[in-house]
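**Student:** Below is the file structure_35.tsv, which contains TSV, C-alpha atoms.
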chain	number	residue	atom	x	y	z
A	12	MET	CA	121.92	127.21	-30.57
A	13	SER	CA	119.17	125.85	-32.68
A	14	ARG	CA	119.76	123.95	-35.84
A	15	GLU	CA	117.59	123.55	-38.79
A	16	PRO	CA	116.52	120.03	-39.63
A	17	GLY	CA	119.02	118.40	-41.98
A	18	ALA	CA	121.81	120.84	-41.13
A	19	THR	CA	125.17	119.36	-40.16
A	20	SER	CA	127.84	120.86	-38.02
A	21	GLU	CA	131.17	121.95	-39.39
A	22	ARG	CA	132.89	119.37	-37.20
A	23	ALA	CA	130.87	116.48	-38.67
A	24	GLU	CA	131.73	117.65	-42.19
A	25	ARG	CA	135.44	117.75	-41.40
A	26	THR	CA	135.54	114.25	-39.84
A	27	VAL	CA	136.02	111.45	-42.31
A	28	ARG	CA	135.31	108.06	-40.83
A	29	PRO	CA	137.49	105.16	-41.92
A	30	ALA	CA	135.82	101.96	-43.10
A	31	CYS	CA	136.83	100.32	-39.84
A	32	ARG	CA	137.77	102.12	-36.62
A	33	HIS	CA	140.64	99.75	-35.93
A	34	PRO	CA	143.18	99.47	-38.76
A	35	GLU	CA	144.51	96.14	-37.40
A	36	ARG	CA	141.04	94.61	-37.75
A	37	ARG	CA	140.88	95.83	-41.31
A	38	LEU	CA	143.92	93.68	-42.03
A	39	GLU	CA	142.30	90.71	-40.29
A	40	GLN	CA	139.19	91.11	-42.40
A	41	GLN	CA	141.20	90.90	-45.59
A	42	GLU	CA	142.30	87.39	-46.37
A	43	ALA	CA	145.98	87.01	-47.09
A	44	PRO	CA	146.68	85.53	-50.51
A	45	HIS	CA	148.64	82.59	-49.04
A	46	ALA	CA	146.15	81.73	-46.27
A	47	PHE	CA	143.78	78.80	-46.59
A	48	PRO	CA	140.07	79.57	-46.69
A	49	ARG	CA	138.25	78.26	-43.61
A	50	TRP	CA	136.35	75.61	-45.61
A	51	SER	CA	139.60	74.06	-46.86
A	52	LEU	CA	140.85	73.80	-43.28
A	53	VAL	CA	137.64	71.97	-42.37
A	54	VAL	CA	138.20	69.58	-45.30
A	55	LEU	CA	141.77	68.92	-44.13
A	56	VAL	CA	140.56	68.22	-40.58
A	57	GLU	CA	137.84	65.90	-41.93
A	58	ALA	CA	140.45	64.01	-43.96
A	59	ALA	CA	142.70	63.69	-40.90
A	60	VAL	CA	139.77	62.45	-38.83
A	61	LEU	CA	138.96	59.88	-41.52
A	62	VAL	CA	142.55	58.61	-41.46
A	63	ALA	CA	142.42	58.42	-37.65
A	64	PHE	CA	139.18	56.42	-37.85
A	65	VAL	CA	140.77	53.95	-40.27
A	66	VAL	CA	143.67	53.47	-37.84
A	67	LEU	CA	141.27	53.04	-34.89
A	68	LEU	CA	139.16	50.62	-36.93
A	69	ALA	CA	142.21	48.49	-37.73
A	70	HIS	CA	143.11	48.50	-34.03
A	71	LYS	CA	139.58	47.45	-33.03
A	72	VAL	CA	139.50	44.61	-35.57
A	73	TRP	CA	142.89	43.42	-34.36
A	74	LYS	CA	141.77	43.65	-30.73
A	75	ALA	CA	138.51	41.81	-31.47
A	76	GLY	CA	140.31	38.88	-33.06
A	77	LEU	CA	143.55	38.60	-31.15
A	78	GLU	CA	142.88	39.72	-27.62
A	79	SER	CA	143.17	36.62	-25.48
A	80	SER	CA	141.47	37.80	-22.30
A	81	VAL	CA	137.85	36.76	-21.93
A	82	TRP	CA	135.43	38.43	-19.57
A	83	GLN	CA	132.86	36.42	-17.65
A	84	ASP	CA	130.16	38.71	-19.12
A	85	GLU	CA	131.29	37.79	-22.62
A	86	MET	CA	131.11	34.07	-21.87
A	87	PHE	CA	127.63	34.60	-20.42
A	88	SER	CA	126.57	36.32	-23.65
A	89	LEU	CA	127.91	33.46	-25.76
A	90	GLN	CA	126.17	30.87	-23.57
A	91	VAL	CA	122.84	32.70	-23.69
A	92	VAL	CA	122.80	32.95	-27.50
A	93	GLN	CA	123.10	29.17	-27.79
A	94	ARG	CA	119.43	28.94	-26.75
A	95	SER	CA	116.32	29.55	-28.83
A	96	PRO	CA	114.98	33.13	-28.98
A	97	ALA	CA	112.38	32.25	-26.33
A	98	GLY	CA	115.15	30.70	-24.23
A	99	VAL	CA	117.21	33.88	-24.61
A	100	VAL	CA	114.32	36.00	-23.31
A	101	GLU	CA	113.81	33.57	-20.42
A	102	ALA	CA	117.53	33.58	-19.54
A	103	MET	CA	117.64	37.37	-19.58
A	104	ARG	CA	114.95	37.49	-16.90
A	105	GLU	CA	117.63	36.28	-14.50
A	106	ASP	CA	120.00	39.01	-15.69
A	107	PHE	CA	119.19	42.70	-15.28
A	108	HIS	CA	119.88	43.56	-18.95
A	109	PRO	CA	117.05	43.64	-21.51
A	110	PRO	CA	117.05	40.84	-24.10
A	111	LEU	CA	117.64	43.04	-27.19
A	112	TYR	CA	121.42	42.65	-27.23
A	113	PRO	CA	121.49	38.84	-26.94
A	114	LEU	CA	118.88	38.61	-29.72
A	115	VAL	CA	120.94	40.92	-31.97
A	116	LEU	CA	124.09	38.91	-31.13
A	117	LYS	CA	122.26	35.65	-31.90
A	118	ALA	CA	121.18	36.99	-35.31
A	119	TRP	CA	124.70	38.33	-35.98
A	120	LEU	CA	126.35	34.99	-35.17
A	121	ALA	CA	123.77	33.10	-37.24
A	122	GLY	CA	124.50	35.40	-40.19
A	123	LEU	CA	128.25	34.90	-39.86
A	124	GLU	CA	127.77	31.14	-39.48
A	125	ALA	CA	125.77	31.13	-42.73
A	126	ILE	CA	128.81	32.48	-44.58
A	127	GLY	CA	131.21	30.06	-42.89
A	128	VAL	CA	132.51	31.98	-39.87
A	129	ALA	CA	132.60	29.89	-36.69
A	130	ARG	CA	130.60	30.93	-33.61
A	131	ALA	CA	133.38	32.17	-31.39
A	132	LEU	CA	134.30	35.13	-29.26
A	133	PRO	CA	136.14	37.00	-32.08
A	134	ALA	CA	133.00	36.77	-34.23
A	135	ALA	CA	130.92	38.13	-31.36
A	136	ARG	CA	133.41	40.94	-30.79
A	137	LEU	CA	133.31	41.80	-34.48
A	138	LEU	CA	129.70	42.88	-33.97
A	139	HIS	CA	131.02	45.57	-31.67
A	140	VAL	CA	133.38	46.86	-34.32
A	141	VAL	CA	130.33	47.37	-36.54
A	142	VAL	CA	128.41	48.96	-33.64
A	143	TRP	CA	131.36	51.29	-32.93
A	144	VAL	CA	131.45	52.39	-36.58
A	145	LEU	CA	127.68	52.93	-36.48
A	146	PHE	CA	128.09	55.00	-33.30
A	147	ALA	CA	130.78	57.16	-34.91
A	148	LEU	CA	128.63	57.71	-38.02
A	149	VAL	CA	125.55	58.66	-35.97
A	150	LEU	CA	127.68	61.03	-33.92
A	151	ALA	CA	129.21	62.58	-37.06
A	152	VAL	CA	125.78	63.16	-38.61
A	153	ALA	CA	124.46	64.69	-35.38
A	154	ALA	CA	127.52	66.93	-35.03
A	155	ARG	CA	127.21	68.12	-38.63
A	156	ARG	CA	123.50	68.75	-38.17
A	157	TYR	CA	123.82	70.76	-34.97
A	158	LEU	CA	127.22	72.42	-35.43
A	159	GLY	CA	127.36	72.80	-39.21
A	160	ARG	CA	130.40	72.01	-41.28
A	161	THR	CA	132.97	73.21	-38.77
A	162	ILE	CA	136.23	71.95	-37.36
A	163	GLU	CA	134.46	71.20	-34.09
A	164	ALA	CA	131.88	69.05	-35.87
A	165	ALA	CA	134.67	67.17	-37.65
A	166	LEU	CA	136.63	66.53	-34.45
A	167	LEU	CA	133.73	65.62	-32.15
A	168	PRO	CA	133.21	62.04	-33.42
A	169	LEU	CA	136.92	61.32	-33.17
A	170	LEU	CA	137.21	62.71	-29.66
A	171	VAL	CA	134.17	60.79	-28.40
A	172	ALA	CA	134.42	57.54	-30.39
A	173	GLY	CA	138.20	57.56	-29.96
A	174	SER	CA	137.94	57.73	-26.19
A	175	PRO	CA	139.88	54.84	-24.63
A	176	HIS	CA	136.97	54.01	-22.33
A	177	LEU	CA	134.48	53.88	-25.17
A	178	ILE	CA	136.85	51.81	-27.26
A	179	GLN	CA	137.17	49.32	-24.39
A	180	PHE	CA	133.45	49.15	-23.67
A	181	THR	CA	132.57	48.72	-27.33
A	182	SER	CA	135.15	45.95	-27.67
A	183	ASP	CA	133.56	43.65	-25.11
A	184	ALA	CA	130.84	41.28	-26.26
A	185	ARG	CA	128.20	43.00	-24.15
A	186	SER	CA	125.44	45.54	-24.73
A	187	TYR	CA	127.45	48.70	-23.97
A	188	GLY	CA	128.06	49.66	-27.60
A	189	LEU	CA	124.40	49.32	-28.53
A	190	ALA	CA	123.51	51.43	-25.50
A	191	ALA	CA	125.88	54.19	-26.71
A	192	VAL	CA	124.23	54.18	-30.16
A	193	ALA	CA	120.75	54.28	-28.62
A	194	VAL	CA	121.64	57.21	-26.37
A	195	THR	CA	123.16	59.10	-29.31
A	196	LEU	CA	120.04	58.54	-31.41
A	197	ILE	CA	117.84	59.90	-28.64
Any chance you could give the structure as structure tokens?

**Tutor:**
Amino acid sequence: MSREPGATSERAERTVRPACRHPERRLEQQEAPHAFPRWSLVVLVEAAVLVAFVVLLAHKVWKAGLESSVWQDEMFSLQVVQRSPAGVVEAMREDFHPPLYPLVLKAWLAGLEAIGVARALPAARLLHVVVWVLFALVLAVAARRYLGRTIEAALLPLLVAGSPHLIQFTSDARSYGLAAVAVTLI
């Protein structure tokens, strides 16, 4: 049974292929008139994440100012920043943490003192609210860059920055929040 080039069989001529082999997938491919487009769902999730961040931010500000428990590490940080910058570096030689955080905290407290805010633990903890917001923004930019504008990219900063452990560690007047930002930037 030899065929000439370009000749088709009778069977191939009789078979009409549908646009899609599976009719149920054809329905899935067509968007229902009442369904939201995927981009609008992403926008809704981003708006919900933004509202959640505002609520978490209010909680962190409240916790920074009103939480009465004081950690020994926080008192150490406040004592170290009372020294000159050279004294801060010298004091940090006794501690195993690098001197960047106490120097940033010293500059932060000096800036707040210049506008009339007293040097106190709530002012030091307020730095960590700013660091937490910076961490969430860096994470959001990285998620958008690597995952695109997707629901996953919108939810990732909330799931990570909203973690109870991260909220606790970025509420203490210690270097943990700056370390989280540095690791995210790397």

**Student:** Given the point (118.3, 40.9, -20.1) in the file's coordinates, find the residues that have an atom at most 12 Å from it, counting all atoms listed in the file, and give them as a list of chain:residue names.

**Tutor:**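 It turns out the residues near that spot are A:Phe87, A:Ser88, A:Val91, A:Val92, A:Gly98, A:Val99, A:Val100, A:Glu101, A:Ala102, A:Met103, A:Arg104, A:Glu105, A:Asp106, A:Phe107, A:His108, A:Pro109, A:Pro110, A:Leu111, A:Tyr112, A:Pro113, A:Leu114, A:Arg185, A:Ser186.
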
**Student:** Just checking: using only C-alpha atoms, which residue out of A:His139, A:Arg160, A:Arg94, A:Arg155 ends up closest to A:Tyr187?

**Tutor:** A:His139

**Student:** Which of these residues is nearest to A:Leu137, using all atoms listed in the file: A:Val72, A:Leu166, A:Val171, A:Leu189?

**Tutor:**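 The closest residue to A:Leu137 is A:Val72.
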
**Student:** Which of these, A:Leu52, A:Val81, A:Trp73, A:Phe64, has the shortest distance to A:Leu169 once you count all atoms listed in the file?

**Tutor:**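 Ranked by minimum distance to A:Leu169, first place goes to A:Phe64.
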
**Student:** Which neighbours of A:Val152 fall inside 12 Å, counting all atoms listed in the file, when residues of the same chain fewer than 4 positions from it are skipped, and could you give them as a list of chain:residue names?

**Tutor:** A:Leu145, A:Phe146, A:Ala147, A:Leu148, A:Arg156, A:Tyr157, A:Leu158, A:Gly159, A:Arg160, A:Ala164, A:Ala165, A:Leu167, A:Pro168, A:Thr195, A:Leu196

**Student:** So how many Å separate atom CA of A:Val65 and atom CA of A:Leu138, to one decimal?

**Tutor:**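 Value for the atom CA of A:Val65-atom CA of A:Leu138 distance: 16.9 Å.
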
**Student:** Please list, as number ranges by chain, the residues that have an atom at most 10 Å away from (129.6, 43.5, -30.8) in the coordinates of this file, counting only C-alpha atoms.

**Tutor:** A: 75, 112, 115-116, 119, 132-143, 180-189
